[in-house]
Amino acid sequence: MIAQAHSATLLGIEARPIVVEIDLQGRVDSLGERNFVLVGLPDKAVQESKERVRTAMRNSGLDFPNRKILCNLAPGDIRKEGPWLDLPMALSLCAASRQVNLAELDGTVILGELGLDGSLRPIHGAVSVALMAKEQGFRRLILPHENAAEAAVSPDVAVYGVRNLIDAVELLNGAGLFTPQPMEIPEFAEPDYGIDYADVKGQRHAVRALEIAAAGGHNLLMVGPPGSGKTMLARRLPTILPPLSLDESIQVTRIHSAAGEKKTRGLVRERPFRSPHHSASHAAIVGGGANPKPGEISLAHHGVLFLDEMPEFDRSVLEALRQPLEDGVVTVARVATTLTFPAACILIGAMNPCPCGYRGLPEQKCVSNPTSCVRYAGKISGPLMDRIDLHLEVPRLKPEELVRYEPGESSREIRQRVTAARQRQTARLGETRNNASMTPRELREAVHLDAESEEFLRLVAARLNISGRVYDRLLKVGRTIADLVGEELVRKAHLAEAVQFRDRTAG
């Protein structure tokens, strides 16, 4: 007798449908491993499922068939990885041995890792599986209880969270009282970050630059000596970003769940802030591995990627950021497959003015020679600099600024302006789009210059010798500044402020 159960495997952040087929053949005298054959490109973890399934069924009081078992994982050209297939394998065996109603397996996606006592452990990628189940027309999803809240993202698929193998058997046989997990429509209240821009002393120019970056999704580079507050300023950027929409929350949860980074039940409600160490590898930043997983730039999707001590990162890692910063996605190519991960984030970089960090400080002598200073600055290439819209000098506070505390605007006040500016961009460009992502055609339609502004930009282009890409980015930043004050026309004053943030590397 052949029994089939539907499951899934994860490739990147995409779930691919898998069919677990069980065929029970003639009786055997022993129950050795040779009597349980697994085919269909299983990896080591899937091969070990045989022993977990056998032991879990026995310890749960279920009959393990005393027959030769052939288990096929279809399609055969996709490599199956991880312990996801324990539960569908066990339920297929139960169906083949008439312990579960075989018809109940139709239209149901099943996945979960079994413990030896029959309990179920949480898995990665539950959101991706739920979205795949909806696309493929399945009506039901059975998975570990801990993953039910995040998987309930569609009203078209009934999600059932079970705690152990017996619960899954009773659910399929209709013996237990199980109700589907309700779809979570979170109320995205303002999160309590515990930090606020009102705590920042001085640095009003820097806070203004970060407000512009948040409003338009622009990348920003801060340059300043140690102790000037670059890290403090960057860590507060999520506090002025608008709350995640439901669609954005699902996208972020999907990435974090697939990467095994999710720490809470349900959907992720806060915009991510990722701050990898400068020793992080190429694969850790952009994604990769034998079975490619999302990197830090994808984990920062719809949030912030902060690179502190940016020149200390490996040159190849920084250069790999050029394509994702331009396109909002990162492509990881392997011999067997090519995967694309979302990577629409705000890049915030921080660096010292020189290797020792003290160039330009009157009270402290710089010990870096000119050659090392040039080499240090050159670690960030010109093409990468072109993709950074805002360049900001962050000086140390003066003694009187350190002693005198005058609270500035709170993050909540700034966030209100940022949210209003984002709403104007949504009306103009569509959901989840911002000014930094405008195409050249969209830029021409969104930015109309009067004669005074055109003459100003002509003089700027001639004096600073800027590239075409930088010219477009000046227009995008000017558009964001106009959105912050609610003006439809991009005026000379808006463009002049945008130029202030290009002086450092305007070429």
# chains A, B, ... in the order shown; residues from 1 in each chain; ligands from 1

call {"tool": "residues_around", "arguments": {"residues": "Thr432 (chain A)", "least_positions_apart": "2", "cutoff": "10 Å", "atoms": "only C-alpha atoms", "output": "ChimeraX atom specification"}}
result
/A:244-245,247-248,302,344,422-423,425-426,429-430,434,437

call {"tool": "write_last_selection", "arguments": {"atoms": "C-alpha atoms", "output": "mmCIF file, in the first residue's frame"}}
result
data_model
loop_
_atom_site.group_PDB
_atom_site.id
_atom_site.type_symbol
_atom_site.label_atom_id
_atom_site.label_comp_id
_atom_site.auth_asym_id
_atom_site.auth_seq_id
_atom_site.Cartn_x
_atom_site.Cartn_y
_atom_site.Cartn_z
ATOM 1 C CA LEU A 244 6.046 48.158 9.702
ATOM 2 C CA SER A 245 2.959 47.585 7.589
ATOM 3 C CA ASP A 247 2.941 43.239 4.273
ATOM 4 C CA GLU A 248 6.369 44.477 5.387
ATOM 5 C CA HIS A 302 12.904 47.195 5.539
ATOM 6 C CA ALA A 344 15.922 46.887 0.575
ATOM 7 C CA ARG A 422 6.681 58.332 3.512
ATOM 8 C CA GLN A 423 2.930 58.567 2.968
ATOM 9 C CA GLN A 425 5.980 58.791 -1.434
ATOM 10 C CA THR A 426 3.544 55.869 -1.173
ATOM 11 C CA LEU A 429 5.236 55.528 -6.086
ATOM 12 C CA GLY A 430 3.165 52.761 -4.505
ATOM 13 C CA ASN A 434 10.542 55.394 -1.285
ATOM 14 C CA SER A 437 14.338 53.559 -5.052
#

call {"tool": "residues_around", "arguments": {"residues": "region 63-79 of chain A", "least_positions_apart": "5", "cutoff": "10 Å", "atoms": "only C-alpha atoms", "output": "VMD selection string"}}
result
chain A and resid 2 to 7 9 to 11 16 to 43 50 53 to 58 85 89 to 90 92 to 94 96 to 99 291 336 to 337

call {"tool": "residues_around", "arguments": {"residues": "region 235-238 of chain A", "least_positions_apart": "4", "cutoff": "8 Å", "atoms": "only C-alpha atoms", "output": "short mmCIF file (atom, residue, chain, number, x, y, z; two decimals) with C-alpha atoms, in the first residue's frame"}}
result
data_model
loop_
_atom_site.label_atom_id
_atom_site.label_comp_id
_atom_site.auth_asym_id
_atom_site.auth_seq_id
_atom_site.Cartn_x
_atom_site.Cartn_y
_atom_site.Cartn_z
CA ILE A 195 16.44 55.10 23.40
CA ASP A 196 15.48 58.43 21.88
CA TYR A 197 16.99 61.27 19.87
CA LEU A 210 19.34 60.95 9.72
CA ALA A 214 14.78 57.80 7.27
CA THR A 231 27.23 54.80 16.85
CA ARG A 271 12.07 47.28 11.95
CA PRO A 272 15.33 45.33 12.03
CA PHE A 273 18.62 46.92 12.99
CA GLY A 303 15.26 48.28 8.32
CA VAL A 304 18.82 49.46 8.92
#

call {"tool": "closest_atom_pairs", "arguments": {"of": "region 290-329 of chain A", "to": "region 385-398 of chain A", "cutoff": "9 Å", "atoms": "only C-alpha atoms", "output": "tab-separated table"}}
result
residue	atom	partner	partner_atom	distance
A:Arg322	CA	A:Arg387	CA	7.3
A:Leu325	CA	A:Arg387	CA	7.0
A:Glu326	CA	A:Arg387	CA	7.1

call {"tool": "atom_distance", "arguments": {"atom1": "CA of Glu150 (chain A)", "atom2": "CA of Thr253 (chain A)"}}
result
7.8 Å

call {"tool": "closest_atom_pairs", "arguments": {"of": "region 378-470 of chain A", "to": "region 485-493 of chain A", "cutoff": "10 Å", "atoms": "only C-alpha atoms", "output": "Markdown table"}}
result
| residue | atom | partner | partner_atom | distance |
| --- | --- | --- | --- | --- |
| A:Arg417 | CA | A:Val485 | CA | 8.1 |
| A:Val418 | CA | A:Val485 | CA | 10.0 |
| A:Ala420 | CA | A:Gly486 | CA | 8.3 |
| A:Ala421 | CA | A:Gly486 | CA | 7.3 |
| A:Arg424 | CA | A:Gly486 | CA | 8.3 |
| A:Ala446 | CA | A:Glu488 | CA | 8.6 |
| A:Val447 | CA | A:Val490 | CA | 6.3 |
| A:His448 | CA | A:Leu489 | CA | 6.4 |
| A:Leu449 | CA | A:Val490 | CA | 6.3 |
| A:Asp450 | CA | A:Arg491 | CA | 7.4 |
| A:Ala451 | CA | A:Lys492 | CA | 9.5 |
| A:Glu452 | CA | A:Lys492 | CA | 6.8 |
| A:Ser453 | CA | A:Lys492 | CA | 4.7 |
| A:Glu454 | CA | A:Lys492 | CA | 8.4 |
| A:Glu455 | CA | A:Lys492 | CA | 9.3 |
| A:Phe456 | CA | A:Lys492 | CA | 7.0 |
| A:Leu457 | CA | A:Lys492 | CA | 8.5 |

call {"tool": "select_by_dssp", "arguments": {"residues": "region 185-247 of chain A", "states": "strand (DSSP E or B)", "output": "PDB file with C-alpha atoms, in the first residue's frame"}}
result
ATOM      1  CA  LEU A 220      24.330  57.662   4.804  1.00  0.00           C
ATOM      2  CA  LEU A 221      28.017  57.749   5.762  1.00  0.00           C
ATOM      3  CA  MET A 222      29.164  59.437   8.971  1.00  0.00           C
ATOM      4  CA  VAL A 223      32.785  60.527   9.362  1.00  0.00           C
TER       5      VAL A 223
END

call {"tool": "residues_around", "arguments": {"residues": "Ile110 (chain A)", "least_positions_apart": "3", "cutoff": "9 Å", "atoms": "only C-alpha atoms", "output": "ChimeraX atom specification"}}
result
/A:5-8,84-85,87-88,91,105,140-143

call {"tool": "residues_around", "arguments": {"residues": "Thr340 (chain A)", "least_positions_apart": "4", "cutoff": "10 Å", "atoms": "only C-alpha atoms", "output": "PyMOL selection string"}}
result
chain A and resi 12-14+287+292+294+298+329-333

call {"tool": "closest_atom_pairs", "arguments": {"of": "region 108-218 of chain A", "to": "region 262-266 of chain A", "cutoff": "8 Å", "atoms": "only C-alpha atoms", "output": "JSON lines"}}
result
{"residue": "A:Glu146", "atom": "CA", "partner": "A:Arg265", "partner_atom": "CA", "distance": 7.0}
{"residue": "A:Asn147", "atom": "CA", "partner": "A:Arg265", "partner_atom": "CA", "distance": 7.1}
{"residue": "A:Ala148", "atom": "CA", "partner": "A:Gly266", "partner_atom": "CA", "distance": 7.8}
{"residue": "A:Ala149", "atom": "CA", "partner": "A:Gly266", "partner_atom": "CA", "distance": 4.6}
{"residue": "A:Glu150", "atom": "CA", "partner": "A:Gly266", "partner_atom": "CA", "distance": 4.1}
{"residue": "A:Ala151", "atom": "CA", "partner": "A:Gly266", "partner_atom": "CA", "distance": 7.8}
{"residue": "A:Glu184", "atom": "CA", "partner": "A:Gly266", "partner_atom": "CA", "distance": 7.6}

call {"tool": "residues_around", "arguments": {"residues": "Met351 (chain A)", "least_positions_apart": "6", "cutoff": "12 Å", "atoms": "only C-alpha atoms", "output": "JSON, numbers by chain"}}
result
{"A": [220, 221, 222, 223, 224, 225, 226, 227, 228, 229, 230, 231, 278, 306, 307, 308, 309, 310, 311, 312, 313, 357, 358, 376, 377, 379, 380, 391, 392, 393, 394]}

call {"tool": "write_last_selection", "arguments": {"atoms": "N, CA and C atoms", "output": "JSON list (two decimals), in the first residue's frame"}}
result
[["chain", "number", "residue", "atom", "x", "y", "z"],
["A", 220, "LEU", "N", 23.62, 56.55, 4.16],
["A", 220, "LEU", "CA", 24.33, 57.66, 4.80],
["A", 220, "LEU", "C", 25.67, 57.19, 5.34],
["A", 221, "LEU", "N", 26.69, 58.02, 5.21],
["A", 221, "LEU", "CA", 28.02, 57.75, 5.76],
["A", 221, "LEU", "C", 28.39, 58.86, 6.73],
["A", 222, "MET", "N", 28.73, 58.48, 7.96],
["A", 222, "MET", "CA", 29.16, 59.44, 8.97],
["A", 222, "MET", "C", 30.67, 59.32, 9.17],
["A", 223, "VAL", "N", 31.34, 60.48, 9.17],
["A", 223, "VAL", "CA", 32.79, 60.53, 9.36],
["A", 223, "VAL", "C", 33.07, 61.43, 10.56],
["A", 224, "GLY", "N", 33.78, 60.91, 11.52],
["A", 224, "GLY", "CA", 34.10, 61.71, 12.69],
["A", 224, "GLY", "C", 35.06, 60.99, 13.61],
["A", 225, "PRO", "N", 35.70, 61.71, 14.52],
["A", 225, "PRO", "CA", 36.67, 61.11, 15.43],
["A", 225, "PRO", "C", 36.00, 60.20, 16.46],
["A", 226, "PRO", "N", 36.77, 59.36, 17.14],
["A", 226, "PRO", "CA", 36.18, 58.51, 18.19],
["A", 226, "PRO", "C", 35.51, 59.35, 19.26],
["A", 227, "GLY", "N", 34.36, 58.90, 19.71],
["A", 227, "GLY", "CA", 33.65, 59.61, 20.77],
["A", 227, "GLY", "C", 32.75, 60.72, 20.30],
["A", 228, "SER", "N", 32.60, 60.88, 19.00],
["A", 228, "SER", "CA", 31.74, 61.97, 18.50],
["A", 228, "SER", "C", 30.27, 61.58, 18.48],
["A", 229, "GLY", "N", 29.95, 60.32, 18.69],
["A", 229, "GLY", "CA", 28.55, 59.90, 18.80],
["A", 229, "GLY", "C", 27.99, 59.24, 17.56],
["A", 230, "LYS", "N", 28.84, 58.74, 16.66],
["A", 230, "LYS", "CA", 28.35, 58.14, 15.42],
["A", 230, "LYS", "C", 27.49, 56.90, 15.69],
["A", 231, "THR", "N", 27.98, 56.02, 16.55],
["A", 231, "THR", "CA", 27.23, 54.80, 16.85],
["A", 231, "THR", "C", 25.93, 55.12, 17.58],
["A", 278, "HIS", "N", 33.12, 43.99, 11.89],
["A", 278, "HIS", "CA", 33.87, 44.17, 10.64],
["A", 278, "HIS", "C", 34.63, 42.92, 10.21],
["A", 306, "PHE", "N", 23.88, 48.71, 9.75],
["A", 306, "PHE", "CA", 24.88, 49.65, 10.27],
["A", 306, "PHE", "C", 26.25, 49.00, 10.22],
["A", 307, "LEU", "N", 27.16, 49.61, 9.46],
["A", 307, "LEU", "CA", 28.53, 49.13, 9.35],
["A", 307, "LEU", "C", 29.43, 50.10, 10.10],
["A", 308, "ASP", "N", 29.74, 49.76, 11.34],
["A", 308, "ASP", "CA", 30.65, 50.58, 12.14],
["A", 308, "ASP", "C", 32.08, 50.27, 11.73],
["A", 309, "GLU", "N", 32.94, 51.29, 11.76],
["A", 309, "GLU", "CA", 34.32, 51.13, 11.28],
["A", 309, "GLU", "C", 34.30, 50.55, 9.87],
["A", 310, "MET", "N", 33.60, 51.19, 8.98],
["A", 310, "MET", "CA", 33.35, 50.66, 7.64],
["A", 310, "MET", "C", 34.62, 50.31, 6.85],
["A", 311, "PRO", "N", 35.69, 51.12, 6.90],
["A", 311, "PRO", "CA", 36.89, 50.75, 6.15],
["A", 311, "PRO", "C", 37.58, 49.48, 6.64],
["A", 312, "GLU", "N", 37.23, 49.02, 7.86],
["A", 312, "GLU", "CA", 37.85, 47.81, 8.38],
["A", 312, "GLU", "C", 37.23, 46.55, 7.80],
["A", 313, "PHE", "N", 36.07, 46.67, 7.14],
["A", 313, "PHE", "CA", 35.48, 45.52, 6.47],
["A", 313, "PHE", "C", 36.33, 45.14, 5.27],
["A", 357, "GLY", "N", 42.29, 58.25, 13.92],
["A", 357, "GLY", "CA", 41.01, 58.83, 14.29],
["A", 357, "GLY", "C", 41.05, 60.27, 14.72],
["A", 358, "TYR", "N", 42.22, 60.91, 14.76],
["A", 358, "TYR", "CA", 42.31, 62.24, 15.39],
["A", 358, "TYR", "C", 42.65, 63.36, 14.41],
["A", 376, "TYR", "N", 43.59, 54.53, 3.82],
["A", 376, "TYR", "CA", 42.44, 54.26, 4.69],
["A", 376, "TYR", "C", 41.15, 54.72, 4.01],
["A", 377, "ALA", "N", 41.14, 55.94, 3.50],
["A", 377, "ALA", "CA", 39.94, 56.46, 2.83],
["A", 377, "ALA", "C", 39.63, 55.69, 1.56],
["A", 379, "LYS", "N", 39.78, 52.61, 1.02],
["A", 379, "LYS", "CA", 39.19, 51.28, 1.22],
["A", 379, "LYS", "C", 37.71, 51.26, 0.81],
["A", 380, "ILE", "N", 37.08, 52.43, 0.78],
["A", 380, "ILE", "CA", 35.72, 52.53, 0.29],
["A", 380, "ILE", "C", 35.79, 53.11, -1.12],
["A", 391, "HIS", "N", 26.54, 62.28, 2.95],
["A", 391, "HIS", "CA", 27.87, 62.21, 3.56],
["A", 391, "HIS", "C", 27.94, 63.26, 4.66],
["A", 392, "LEU", "N", 28.21, 62.82, 5.86],
["A", 392, "LEU", "CA", 28.03, 63.67, 7.04],
["A", 392, "LEU", "C", 29.30, 63.72, 7.88],
["A", 393, "GLU", "N", 29.75, 64.92, 8.19],
["A", 393, "GLU", "CA", 30.84, 65.12, 9.14],
["A", 393, "GLU", "C", 30.25, 65.23, 10.54],
["A", 394, "VAL", "N", 30.75, 64.40, 11.46],
["A", 394, "VAL", "CA", 30.25, 64.40, 12.84],
["A", 394, "VAL", "C", 31.39, 64.84, 13.76]]

call {"tool": "closest_residue", "arguments": {"among": "A:Ala436, A:Val367, A:Leu233, A:Val460", "to": "Ile346 (chain A)", "atoms": "only C-alpha atoms"}}
result
A:Ala436

call {"tool": "closest_residue", "arguments": {"among": "A:Glu261, A:Glu296, A:Glu270, A:Glu401", "to": "Pro191 (chain A)", "atoms": "only C-alpha atoms"}}
result
A:Glu270

call {"tool": "closest_residue", "arguments": {"among": "A:Asp117, A:Glu413, A:Asp472, A:Glu48", "to": "Leu495 (chain A)", "atoms": "only C-alpha atoms"}}
result
A:Asp472

call {"tool": "atom_distance", "arguments": {"atom1": "CA of Ala175 (chain A)", "atom2": "CA of Gly112 (chain A)"}}
result
20.6 Å

call {"tool": "residues_around", "arguments": {"residues": "Val470 (chain A)", "least_positions_apart": "3", "cutoff": "10 Å", "atoms": "only C-alpha atoms", "output": "ChimeraX atom specification"}}
result
/A:385-389,461,465-467,473-476,502,505-507

call {"tool": "select_by_dssp", "arguments": {"residues": "region 63-93 of chain A", "states": "alpha helix (DSSP H)", "output": "ChimeraX atom specification"}}
result
/A:86-93

call {"tool": "write_last_selection", "arguments": {"atoms": "N, CA and C atoms", "output": "compact mmCIF listing (two decimals), in the first residue's frame"}}
result
# COMPACT_ATOMS: atom_id res chain seq x y z
N ASP A 86 10.40 14.78 9.28
CA ASP A 86 10.10 13.74 10.28
C ASP A 86 8.60 13.48 10.41
N LEU A 87 7.82 14.56 10.63
CA LEU A 87 6.39 14.40 10.89
C LEU A 87 5.65 13.86 9.67
N PRO A 88 5.84 14.42 8.45
CA PRO A 88 5.13 13.83 7.31
C PRO A 88 5.53 12.38 7.04
N MET A 89 6.78 12.05 7.33
CA MET A 89 7.22 10.67 7.15
C MET A 89 6.49 9.75 8.13
N ALA A 90 6.39 10.19 9.39
CA ALA A 90 5.72 9.38 10.41
C ALA A 90 4.23 9.23 10.10
N LEU A 91 3.57 10.32 9.68
CA LEU A 91 2.14 10.25 9.38
C LEU A 91 1.86 9.44 8.13
N SER A 92 2.78 9.45 7.16
CA SER A 92 2.62 8.59 5.99
C SER A 92 2.70 7.13 6.38
N LEU A 93 3.63 6.81 7.29
CA LEU A 93 3.72 5.44 7.79
C LEU A 93 2.45 5.04 8.52
